[in-house]
Amino acid sequence: MTRSARPLHIDQRVPGEDADFLHLACLNYRQDRPAFRRRALGMLERDPGLGERDIWSAACVGNVETARRMLDADPSLANARGGWFNWEPLLYTAYSRVEAPGGSTLATARLLIERGADPNACYLWGGNYRFTALTGAFGEGEQGPVNQPAHPEWEAMARLLLGAGTDPNDGQALYNRMFGSCNRCLEILLEYGLNRRHRVNWRSGKGRILDYQLDWAVRKHHVARAKLVVEHGADPARQHHGMNLAKAAMLAGHPGLAEFLVAHGAKPPRLDRVDRFASACMAGDAVAALKAVRRDADLPGRAQARHADLVADAAGADRLDAVTLMADLGFDLERGSFGAPLHMAAVRGHLEMVKLLVGRGVDVAAKDPEGRTARDWAEWRGEQKCEVYLSKCEL
């Protein structure tokens, strides 16, 4: 049995026609697409023996009996690196999204752990970010749940690994799952011992992991998550990029969250007239916003000059009331420092928001600094409904 000498980094090429089965079957966090996994499944259907060629393939397809025979013959295989990615077998069970009929990557992972597999097995993405078996089980990430879905039995897989001794301080798993609204990943890790003393465990990591989660939750409208991490020890009194977190909550349109943060130690936010107006707009508070504009007609322009991403942020968070209000008040609906509001709505799959912006006359052909349209963004993240709708609008 030969073992791959491929280095521990991930190949950045899009898999070609002669791609290796394991390359197509597993999430790799470079190029992940459902089409690749469909190709892998087709390969397996045509040649079921693919799941028997070595321990890494058996792990990938969940072939428990083949894995058992191989481990009986050579127990060291439980922690041997090999296959396309030069991973331990346990990583293939966690990152695989293709199983043979009758197979089970969960059962194979259980067998591997029983035979001594290291539950903290990981590879370094870019030489910096620890992608563990637990990271693979939780799945998701920047390319979204369509392209990077969780393991089909992700919670059972996560509990298996954590029960076997996996470190609950998994910064990459938390990062990958923080883009969506589900808090189960965080809740499970807290249940198994994640706490306020844990620091971000990337090689370049700085700061405490729960504080990192709090910063994101406050700015990205995850109110329940923000409260959860504060209740487990995140520090609401800290500054994020020089801004009081309670003020950040106000500017995100969440006065209730700001009150919660103040009650747990944050300094009361100080907002001038422009910031109070921006806060009202983000909250969709038409009464307060219109009252402010009647007193000072220049407020929309001043607010957007100070906070260039107001509309884009609201669009990306699917806050229809806020975007409608800002559109009525004359905000520029195509302004954003990272991406235009239409791009931000499309990449998150917010079809109604996309329709609202198109109906208000935004340019569907507008491009980001790298030359990509909102449709391109939707296609990249697998948001097909937005991609199809915008394709029709471009005709």
# chains A, B, ... in the order shown; residues from 1 in each chain; ligands from 1
call {"tool": "select_by_dssp", "arguments": {"residues": "range 65-287 of chain A", "states": "strand (DSSP E)", "output": "VMD selection string"}}
result
chain A and resid 122 to 125 129 to 132 239 to 240 243 to 244
call {"tool": "residues_around", "arguments": {"residues": "Arg159 in chain A", "least_positions_apart": "4", "cutoff": "9 Å", "atoms": "only C-alpha atoms", "output": "PyMOL selection string"}}
result
chain A and resi 154-155+163-164+188+192
call {"tool": "atom_distance", "arguments": {"atom1": "CA of Gly49 in chain A", "atom2": "CA of Leu71 in chain A"}}
result
17.9 Å
call {"tool": "closest_residue", "arguments": {"among": "A:Arg302, A:Asp313, A:Phe260, A:Phe21", "to": "Asp47 in chain A", "atoms": "only C-alpha atoms"}}
result
A:Phe21
call {"tool": "select_by_dssp", "arguments": {"residues": "range 226-372 of chain A", "states": "alpha helix (DSSP H)", "output": "PDB file with N, CA and C atoms, in the first residue's frame"}}
result
ATOM      1  N   ALA A 226     -25.075  37.340  20.328  1.00  0.00           N
ATOM      2  CA  ALA A 226     -24.356  38.317  21.143  1.00  0.00           C
ATOM      3  C   ALA A 226     -24.693  38.146  22.622  1.00  0.00           C
ATOM      4  N   LYS A 227     -25.963  37.967  22.911  1.00  0.00           N
ATOM      5  CA  LYS A 227     -26.369  37.776  24.305  1.00  0.00           C
ATOM      6  C   LYS A 227     -25.819  36.472  24.868  1.00  0.00           C
ATOM      7  N   LEU A 228     -25.816  35.424  24.039  1.00  0.00           N
ATOM      8  CA  LEU A 228     -25.319  34.121  24.483  1.00  0.00           C
ATOM      9  C   LEU A 228     -23.856  34.197  24.895  1.00  0.00           C
ATOM     10  N   VAL A 229     -23.018  34.823  24.073  1.00  0.00           N
ATOM     11  CA  VAL A 229     -21.588  34.840  24.404  1.00  0.00           C
ATOM     12  C   VAL A 229     -21.300  35.769  25.579  1.00  0.00           C
ATOM     13  N   VAL A 230     -22.081  36.838  25.722  1.00  0.00           N
ATOM     14  CA  VAL A 230     -21.910  37.694  26.908  1.00  0.00           C
ATOM     15  C   VAL A 230     -22.257  36.907  28.163  1.00  0.00           C
ATOM     16  N   GLU A 231     -23.317  36.141  28.090  1.00  0.00           N
ATOM     17  CA  GLU A 231     -23.716  35.330  29.246  1.00  0.00           C
ATOM     18  C   GLU A 231     -22.679  34.265  29.591  1.00  0.00           C
ATOM     19  N   LEU A 245     -18.967  48.890  21.958  1.00  0.00           N
ATOM     20  CA  LEU A 245     -19.858  47.883  21.395  1.00  0.00           C
ATOM     21  C   LEU A 245     -21.332  48.264  21.514  1.00  0.00           C
ATOM     22  N   ALA A 246     -21.680  48.964  22.564  1.00  0.00           N
ATOM     23  CA  ALA A 246     -23.069  49.405  22.689  1.00  0.00           C
ATOM     24  C   ALA A 246     -23.408  50.416  21.594  1.00  0.00           C
ATOM     25  N   LYS A 247     -22.450  51.272  21.255  1.00  0.00           N
ATOM     26  CA  LYS A 247     -22.671  52.206  20.152  1.00  0.00           C
ATOM     27  C   LYS A 247     -22.772  51.447  18.834  1.00  0.00           C
ATOM     28  N   ALA A 248     -21.936  50.424  18.654  1.00  0.00           N
ATOM     29  CA  ALA A 248     -22.010  49.617  17.438  1.00  0.00           C
ATOM     30  C   ALA A 248     -23.382  48.964  17.318  1.00  0.00           C
ATOM     31  N   ALA A 249     -23.929  48.508  18.436  1.00  0.00           N
ATOM     32  CA  ALA A 249     -25.261  47.904  18.419  1.00  0.00           C
ATOM     33  C   ALA A 249     -26.323  48.928  18.022  1.00  0.00           C
ATOM     34  N   MET A 250     -26.187  50.147  18.529  1.00  0.00           N
ATOM     35  CA  MET A 250     -27.131  51.199  18.152  1.00  0.00           C
ATOM     36  C   MET A 250     -27.056  51.497  16.666  1.00  0.00           C
ATOM     37  N   LEU A 251     -25.834  51.604  16.143  1.00  0.00           N
ATOM     38  CA  LEU A 251     -25.661  51.917  14.732  1.00  0.00           C
ATOM     39  C   LEU A 251     -26.110  50.769  13.835  1.00  0.00           C
ATOM     40  N   PRO A 255     -31.309  48.830  19.417  1.00  0.00           N
ATOM     41  CA  PRO A 255     -31.242  49.516  20.717  1.00  0.00           C
ATOM     42  C   PRO A 255     -31.429  48.581  21.908  1.00  0.00           C
ATOM     43  N   GLY A 256     -32.251  47.532  21.733  1.00  0.00           N
ATOM     44  CA  GLY A 256     -32.425  46.579  22.820  1.00  0.00           C
ATOM     45  C   GLY A 256     -31.144  45.857  23.161  1.00  0.00           C
ATOM     46  N   LEU A 257     -30.369  45.505  22.142  1.00  0.00           N
ATOM     47  CA  LEU A 257     -29.080  44.862  22.379  1.00  0.00           C
ATOM     48  C   LEU A 257     -28.120  45.835  23.052  1.00  0.00           C
ATOM     49  N   ALA A 258     -28.154  47.099  22.622  1.00  0.00           N
ATOM     50  CA  ALA A 258     -27.298  48.099  23.252  1.00  0.00           C
ATOM     51  C   ALA A 258     -27.606  48.203  24.748  1.00  0.00           C
ATOM     52  N   GLU A 259     -28.877  48.196  25.101  1.00  0.00           N
ATOM     53  CA  GLU A 259     -29.268  48.243  26.512  1.00  0.00           C
ATOM     54  C   GLU A 259     -28.753  47.016  27.260  1.00  0.00           C
ATOM     55  N   PHE A 260     -28.836  45.847  26.620  1.00  0.00           N
ATOM     56  CA  PHE A 260     -28.337  44.618  27.234  1.00  0.00           C
ATOM     57  C   PHE A 260     -26.828  44.721  27.489  1.00  0.00           C
ATOM     58  N   LEU A 261     -26.089  45.215  26.521  1.00  0.00           N
ATOM     59  CA  LEU A 261     -24.638  45.334  26.669  1.00  0.00           C
ATOM     60  C   LEU A 261     -24.271  46.310  27.780  1.00  0.00           C
ATOM     61  N   VAL A 262     -24.990  47.414  27.850  1.00  0.00           N
ATOM     62  CA  VAL A 262     -24.740  48.384  28.927  1.00  0.00           C
ATOM     63  C   VAL A 262     -25.026  47.749  30.286  1.00  0.00           C
ATOM     64  N   ALA A 263     -26.112  46.985  30.361  1.00  0.00           N
ATOM     65  CA  ALA A 263     -26.468  46.328  31.621  1.00  0.00           C
ATOM     66  C   ALA A 263     -25.418  45.320  32.051  1.00  0.00           C
ATOM     67  N   ARG A 273     -26.448  63.796  16.550  1.00  0.00           N
ATOM     68  CA  ARG A 273     -27.654  63.813  15.738  1.00  0.00           C
ATOM     69  C   ARG A 273     -27.540  62.905  14.511  1.00  0.00           C
ATOM     70  N   VAL A 274     -26.371  62.913  13.875  1.00  0.00           N
ATOM     71  CA  VAL A 274     -26.184  62.091  12.680  1.00  0.00           C
ATOM     72  C   VAL A 274     -26.244  60.613  13.019  1.00  0.00           C
ATOM     73  N   ASP A 275     -25.578  60.224  14.097  1.00  0.00           N
ATOM     74  CA  ASP A 275     -25.582  58.819  14.489  1.00  0.00           C
ATOM     75  C   ASP A 275     -26.967  58.368  14.960  1.00  0.00           C
ATOM     76  N   ARG A 276     -27.685  59.227  15.660  1.00  0.00           N
ATOM     77  CA  ARG A 276     -29.033  58.850  16.089  1.00  0.00           C
ATOM     78  C   ARG A 276     -29.937  58.632  14.884  1.00  0.00           C
ATOM     79  N   PHE A 277     -29.755  59.468  13.868  1.00  0.00           N
ATOM     80  CA  PHE A 277     -30.535  59.306  12.645  1.00  0.00           C
ATOM     81  C   PHE A 277     -30.166  58.006  11.938  1.00  0.00           C
ATOM     82  N   ALA A 278     -28.876  57.719  11.832  1.00  0.00           N
ATOM     83  CA  ALA A 278     -28.432  56.470  11.204  1.00  0.00           C
ATOM     84  C   ALA A 278     -28.981  55.268  11.960  1.00  0.00           C
ATOM     85  N   SER A 279     -28.983  55.339  13.274  1.00  0.00           N
ATOM     86  CA  SER A 279     -29.503  54.250  14.093  1.00  0.00           C
ATOM     87  C   SER A 279     -30.993  54.037  13.841  1.00  0.00           C
ATOM     88  N   ALA A 280     -31.733  55.131  13.744  1.00  0.00           N
ATOM     89  CA  ALA A 280     -33.166  55.026  13.479  1.00  0.00           C
ATOM     90  C   ALA A 280     -33.427  54.405  12.115  1.00  0.00           C
ATOM     91  N   CYS A 281     -32.634  54.791  11.137  1.00  0.00           N
ATOM     92  CA  CYS A 281     -32.795  54.214   9.793  1.00  0.00           C
ATOM     93  C   CYS A 281     -32.520  52.720   9.807  1.00  0.00           C
ATOM     94  N   MET A 282     -31.444  52.301  10.455  1.00  0.00           N
ATOM     95  CA  MET A 282     -31.113  50.882  10.501  1.00  0.00           C
ATOM     96  C   MET A 282     -32.173  50.087  11.257  1.00  0.00           C
ATOM     97  N   ALA A 286     -39.352  54.584  11.098  1.00  0.00           N
ATOM     98  CA  ALA A 286     -39.741  55.658  10.187  1.00  0.00           C
ATOM     99  C   ALA A 286     -40.171  56.908  10.937  1.00  0.00           C
ATOM    100  N   VAL A 287     -40.834  56.746  12.069  1.00  0.00           N
ATOM    101  CA  VAL A 287     -41.316  57.907  12.828  1.00  0.00           C
ATOM    102  C   VAL A 287     -40.141  58.771  13.266  1.00  0.00           C
ATOM    103  N   ALA A 288     -39.141  58.136  13.888  1.00  0.00           N
ATOM    104  CA  ALA A 288     -37.986  58.893  14.378  1.00  0.00           C
ATOM    105  C   ALA A 288     -37.174  59.460  13.225  1.00  0.00           C
ATOM    106  N   ALA A 289     -36.986  58.692  12.154  1.00  0.00           N
ATOM    107  CA  ALA A 289     -36.175  59.157  11.027  1.00  0.00           C
ATOM    108  C   ALA A 289     -36.834  60.331  10.319  1.00  0.00           C
ATOM    109  N   LEU A 290     -38.118  60.241  10.065  1.00  0.00           N
ATOM    110  CA  LEU A 290     -38.816  61.323   9.366  1.00  0.00           C
ATOM    111  C   LEU A 290     -38.866  62.585  10.217  1.00  0.00           C
ATOM    112  N   LYS A 291     -39.033  62.425  11.510  1.00  0.00           N
ATOM    113  CA  LYS A 291     -39.034  63.574  12.414  1.00  0.00           C
ATOM    114  C   LYS A 291     -37.686  64.287  12.360  1.00  0.00           C
ATOM    115  N   ALA A 292     -36.599  63.495  12.327  1.00  0.00           N
ATOM    116  CA  ALA A 292     -35.256  64.080  12.270  1.00  0.00           C
ATOM    117  C   ALA A 292     -35.028  64.809  10.956  1.00  0.00           C
ATOM    118  N   VAL A 293     -35.508  64.252   9.855  1.00  0.00           N
ATOM    119  CA  VAL A 293     -35.313  64.875   8.543  1.00  0.00           C
ATOM    120  C   VAL A 293     -36.104  66.167   8.417  1.00  0.00           C
ATOM    121  N   ARG A 294     -37.254  66.218   9.034  1.00  0.00           N
ATOM    122  CA  ARG A 294     -38.026  67.474   8.988  1.00  0.00           C
ATOM    123  C   ARG A 294     -37.277  68.603   9.673  1.00  0.00           C
ATOM    124  N   ARG A 295     -36.453  68.247  10.649  1.00  0.00           N
ATOM    125  CA  ARG A 295     -35.658  69.250  11.340  1.00  0.00           C
ATOM    126  C   ARG A 295     -34.374  69.583  10.590  1.00  0.00           C
ATOM    127  N   LEU A 299     -29.648  65.426   6.710  1.00  0.00           N
ATOM    128  CA  LEU A 299     -29.219  64.261   7.485  1.00  0.00           C
ATOM    129  C   LEU A 299     -28.942  63.010   6.638  1.00  0.00           C
ATOM    130  N   PRO A 300     -29.764  62.658   5.656  1.00  0.00           N
ATOM    131  CA  PRO A 300     -29.445  61.446   4.869  1.00  0.00           C
ATOM    132  C   PRO A 300     -28.065  61.502   4.230  1.00  0.00           C
ATOM    133  N   GLY A 301     -27.725  62.628   3.615  1.00  0.00           N
ATOM    134  CA  GLY A 301     -26.409  62.753   2.987  1.00  0.00           C
ATOM    135  C   GLY A 301     -25.286  62.712   4.003  1.00  0.00           C
ATOM    136  N   ARG A 302     -25.477  63.367   5.128  1.00  0.00           N
ATOM    137  CA  ARG A 302     -24.446  63.388   6.161  1.00  0.00           C
ATOM    138  C   ARG A 302     -24.267  62.012   6.790  1.00  0.00           C
ATOM    139  N   ALA A 303     -25.387  61.312   7.008  1.00  0.00           N
ATOM    140  CA  ALA A 303     -25.312  59.980   7.609  1.00  0.00           C
ATOM    141  C   ALA A 303     -24.596  59.006   6.682  1.00  0.00           C
ATOM    142  N   GLN A 304     -24.887  59.085   5.388  1.00  0.00           N
ATOM    143  CA  GLN A 304     -24.244  58.157   4.461  1.00  0.00           C
ATOM    144  C   GLN A 304     -22.794  58.523   4.208  1.00  0.00           C
ATOM    145  N   ALA A 305     -22.475  59.792   4.318  1.00  0.00           N
ATOM    146  CA  ALA A 305     -21.074  60.195   4.190  1.00  0.00           C
ATOM    147  C   ALA A 305     -20.250  59.652   5.348  1.00  0.00           C
ATOM    148  N   ARG A 306     -20.831  59.608   6.531  1.00  0.00           N
ATOM    149  CA  ARG A 306     -20.125  59.095   7.704  1.00  0.00           C
ATOM    150  C   ARG A 306     -20.143  57.579   7.756  1.00  0.00           C
ATOM    151  N   LEU A 310     -24.238  51.867   5.264  1.00  0.00           N
ATOM    152  CA  LEU A 310     -25.543  51.720   5.909  1.00  0.00           C
ATOM    153  C   LEU A 310     -26.495  50.887   5.069  1.00  0.00           C
ATOM    154  N   VAL A 311     -26.683  51.256   3.813  1.00  0.00           N
ATOM    155  CA  VAL A 311     -27.635  50.541   2.968  1.00  0.00           C
ATOM    156  C   VAL A 311     -27.127  49.139   2.666  1.00  0.00           C
ATOM    157  N   ALA A 312     -25.840  49.017   2.367  1.00  0.00           N
ATOM    158  CA  ALA A 312     -25.271  47.709   2.059  1.00  0.00           C
ATOM    159  C   ALA A 312     -25.395  46.761   3.246  1.00  0.00           C
ATOM    160  N   ASP A 313     -25.160  47.278   4.447  1.00  0.00           N
ATOM    161  CA  ASP A 313     -25.275  46.459   5.650  1.00  0.00           C
ATOM    162  C   ASP A 313     -26.712  46.000   5.839  1.00  0.00           C
ATOM    163  N   ALA A 314     -27.655  46.919   5.686  1.00  0.00           N
ATOM    164  CA  ALA A 314     -29.064  46.562   5.843  1.00  0.00           C
ATOM    165  C   ALA A 314     -29.500  45.561   4.779  1.00  0.00           C
ATOM    166  N   ALA A 315     -29.019  45.742   3.556  1.00  0.00           N
ATOM    167  CA  ALA A 315     -29.377  44.828   2.474  1.00  0.00           C
ATOM    168  C   ALA A 315     -28.816  43.436   2.728  1.00  0.00           C
ATOM    169  N   GLY A 316     -27.576  43.358   3.192  1.00  0.00           N
ATOM    170  CA  GLY A 316     -26.965  42.066   3.471  1.00  0.00           C
ATOM    171  C   GLY A 316     -27.614  41.350   4.631  1.00  0.00           C
ATOM    172  N   LEU A 320     -35.600  44.636   5.254  1.00  0.00           N
ATOM    173  CA  LEU A 320     -36.422  45.268   4.218  1.00  0.00           C
ATOM    174  C   LEU A 320     -36.971  46.612   4.669  1.00  0.00           C
ATOM    175  N   ASP A 321     -37.435  46.704   5.914  1.00  0.00           N
ATOM    176  CA  ASP A 321     -37.982  47.972   6.406  1.00  0.00           C
ATOM    177  C   ASP A 321     -36.927  49.072   6.390  1.00  0.00           C
ATOM    178  N   ALA A 322     -35.708  48.717   6.788  1.00  0.00           N
ATOM    179  CA  ALA A 322     -34.640  49.712   6.838  1.00  0.00           C
ATOM    180  C   ALA A 322     -34.277  50.203   5.441  1.00  0.00           C
ATOM    181  N   VAL A 323     -34.131  49.284   4.492  1.00  0.00           N
ATOM    182  CA  VAL A 323     -33.753  49.689   3.134  1.00  0.00           C
ATOM    183  C   VAL A 323     -34.879  50.472   2.477  1.00  0.00           C
ATOM    184  N   THR A 324     -36.112  50.066   2.697  1.00  0.00           N
ATOM    185  CA  THR A 324     -37.241  50.815   2.144  1.00  0.00           C
ATOM    186  C   THR A 324     -37.254  52.239   2.687  1.00  0.00           C
ATOM    187  N   LEU A 325     -37.036  52.364   3.993  1.00  0.00           N
ATOM    188  CA  LEU A 325     -37.016  53.691   4.613  1.00  0.00           C
ATOM    189  C   LEU A 325     -35.887  54.544   4.042  1.00  0.00           C
ATOM    190  N   MET A 326     -34.695  53.976   3.930  1.00  0.00           N
ATOM    191  CA  MET A 326     -33.572  54.748   3.418  1.00  0.00           C
ATOM    192  C   MET A 326     -33.757  55.100   1.949  1.00  0.00           C
ATOM    193  N   ALA A 327     -34.382  54.222   1.193  1.00  0.00           N
ATOM    194  CA  ALA A 327     -34.686  54.540  -0.209  1.00  0.00           C
ATOM    195  C   ALA A 327     -35.652  55.711  -0.285  1.00  0.00           C
ATOM    196  N   ASP A 328     -36.670  55.704   0.559  1.00  0.00           N
ATOM    197  CA  ASP A 328     -37.645  56.794   0.577  1.00  0.00           C
ATOM    198  C   ASP A 328     -37.015  58.126   0.984  1.00  0.00           C
ATOM    199  N   PRO A 341     -25.095  47.473  -2.211  1.00  0.00           N
ATOM    200  CA  PRO A 341     -26.214  46.793  -1.555  1.00  0.00           C
ATOM    201  C   PRO A 341     -26.762  45.606  -2.344  1.00  0.00           C
ATOM    202  N   LEU A 342     -26.850  45.741  -3.675  1.00  0.00           N
ATOM    203  CA  LEU A 342     -27.362  44.632  -4.480  1.00  0.00           C
ATOM    204  C   LEU A 342     -26.436  43.423  -4.387  1.00  0.00           C
ATOM    205  N   HIS A 343     -25.141  43.652  -4.420  1.00  0.00           N
ATOM    206  CA  HIS A 343     -24.189  42.555  -4.275  1.00  0.00           C
ATOM    207  C   HIS A 343     -24.362  41.868  -2.919  1.00  0.00           C
ATOM    208  N   MET A 344     -24.510  42.668  -1.864  1.00  0.00           N
ATOM    209  CA  MET A 344     -24.607  42.098  -0.521  1.00  0.00           C
ATOM    210  C   MET A 344     -25.892  41.302  -0.343  1.00  0.00           C
ATOM    211  N   ALA A 345     -26.968  41.756  -0.933  1.00  0.00           N
ATOM    212  CA  ALA A 345     -28.223  41.016  -0.852  1.00  0.00           C
ATOM    213  C   ALA A 345     -28.151  39.727  -1.662  1.00  0.00           C
ATOM    214  N   ALA A 346     -27.572  39.807  -2.854  1.00  0.00           N
ATOM    215  CA  ALA A 346     -27.505  38.648  -3.740  1.00  0.00           C
ATOM    216  C   ALA A 346     -26.635  37.541  -3.161  1.00  0.00           C
ATOM    217  N   VAL A 347     -25.499  37.889  -2.586  1.00  0.00           N
ATOM    218  CA  VAL A 347     -24.571  36.880  -2.089  1.00  0.00           C
ATOM    219  C   VAL A 347     -25.129  36.172  -0.863  1.00  0.00           C
ATOM    220  N   LEU A 351     -33.663  37.154  -1.829  1.00  0.00           N
ATOM    221  CA  LEU A 351     -34.319  37.434  -3.101  1.00  0.00           C
ATOM    222  C   LEU A 351     -35.264  38.628  -3.015  1.00  0.00           C
ATOM    223  N   GLU A 352     -36.036  38.732  -1.959  1.00  0.00           N
ATOM    224  CA  GLU A 352     -36.969  39.860  -1.843  1.00  0.00           C
ATOM    225  C   GLU A 352     -36.223  41.180  -1.752  1.00  0.00           C
ATOM    226  N   MET A 353     -35.084  41.173  -1.075  1.00  0.00           N
ATOM    227  CA  MET A 353     -34.274  42.385  -1.008  1.00  0.00           C
ATOM    228  C   MET A 353     -33.726  42.731  -2.385  1.00  0.00           C
ATOM    229  N   VAL A 354     -33.269  41.721  -3.116  1.00  0.00           N
ATOM    230  CA  VAL A 354     -32.786  41.946  -4.475  1.00  0.00           C
ATOM    231  C   VAL A 354     -33.886  42.560  -5.327  1.00  0.00           C
ATOM    232  N   LYS A 355     -35.080  42.032  -5.229  1.00  0.00           N
ATOM    233  CA  LYS A 355     -36.205  42.555  -6.003  1.00  0.00           C
ATOM    234  C   LYS A 355     -36.524  43.996  -5.597  1.00  0.00           C
ATOM    235  N   LEU A 356     -36.447  44.274  -4.309  1.00  0.00           N
ATOM    236  CA  LEU A 356     -36.698  45.639  -3.832  1.00  0.00           C
ATOM    237  C   LEU A 356     -35.697  46.612  -4.444  1.00  0.00           C
ATOM    238  N   LEU A 357     -34.432  46.266  -4.418  1.00  0.00           N
ATOM    239  CA  LEU A 357     -33.409  47.157  -4.944  1.00  0.00           C
ATOM    240  C   LEU A 357     -33.538  47.333  -6.452  1.00  0.00           C
ATOM    241  N   VAL A 358     -33.804  46.244  -7.160  1.00  0.00           N
ATOM    242  CA  VAL A 358     -33.994  46.344  -8.608  1.00  0.00           C
ATOM    243  C   VAL A 358     -35.203  47.209  -8.919  1.00  0.00           C
ATOM    244  N   GLY A 359     -36.259  47.032  -8.139  1.00  0.00           N
ATOM    245  CA  GLY A 359     -37.460  47.835  -8.330  1.00  0.00           C
ATOM    246  C   GLY A 359     -37.235  49.311  -8.068  1.00  0.00           C
TER     247      GLY A 359
END
call {"tool": "residues_around", "arguments": {"residues": "Asp72 in chain A", "least_positions_apart": "6", "cutoff": "12 Å", "atoms": "only C-alpha atoms", "output": "PyMOL selection string"}}
result
chain A and resi 55+65-66+78+111-112+115
call {"tool": "residues_around", "arguments": {"residues": "Gly62 in chain A", "least_positions_apart": "5", "cutoff": "9 Å", "atoms": "only C-alpha atoms", "output": "JSON list (two decimals) with C-alpha atoms, in the first residue's frame"}}
result
[["chain", "number", "residue", "atom", "x", "y", "z"],
["A", 51, "GLY", "CA", -14.17, 2.97, -1.57],
["A", 57, "SER", "CA", -11.02, 6.15, 0.49],
["A", 67, "ALA", "CA", -11.75, 0.15, 7.17],
["A", 93, "THR", "CA", -14.85, 11.05, 7.41],
["A", 96, "SER", "CA", -16.48, 13.92, 2.97],
["A", 98, "VAL", "CA", -20.26, 11.55, -0.41],
["A", 99, "GLU", "CA", -21.18, 8.21, 1.11],
["A", 100, "ALA", "CA", -21.50, 4.81, -0.54],
["A", 102, "GLY", "CA", -25.14, 1.50, 2.99],
["A", 103, "GLY", "CA", -22.04, 3.34, 4.16],
["A", 104, "SER", "CA", -21.64, 5.65, 7.12],
["A", 105, "THR", "CA", -18.83, 8.14, 7.64],
["A", 106, "LEU", "CA", -20.13, 8.61, 11.20],
["A", 107, "ALA", "CA", -19.78, 4.90, 11.98],
["A", 108, "THR", "CA", -16.36, 4.87, 10.32],
["A", 109, "ALA", "CA", -15.27, 7.83, 12.44]]
call {"tool": "residues_around", "arguments": {"residues": "Asp170 in chain A", "least_positions_apart": "5", "cutoff": "12 Å", "atoms": "only C-alpha atoms", "output": "ChimeraX atom specification"}}
result
/A:120-122,129-138,158,161-162,175-177,185-186,188-190,192-195,198-202,205,208-210
call {"tool": "closest_residue", "arguments": {"among": "A:Arg37, A:Arg348, A:Lys367, A:Arg238", "to": "Cys386 in chain A", "atoms": "only C-alpha atoms"}}
result
A:Arg348
call {"tool": "residues_around", "arguments": {"residues": "Phe179 in chain A", "least_positions_apart": "6", "cutoff": "12 Å", "atoms": "only C-alpha atoms", "output": "list in words"}}
result
Gly139, Glu140, Gly141, Glu142, Gln143, Gly144, Pro145, Ala173, Cys185, Gln213, Trp216, Ala217, Arg219, Lys220, His221, His222, Arg225, Gly316, Ala317, Val347 and Arg348 of chain A
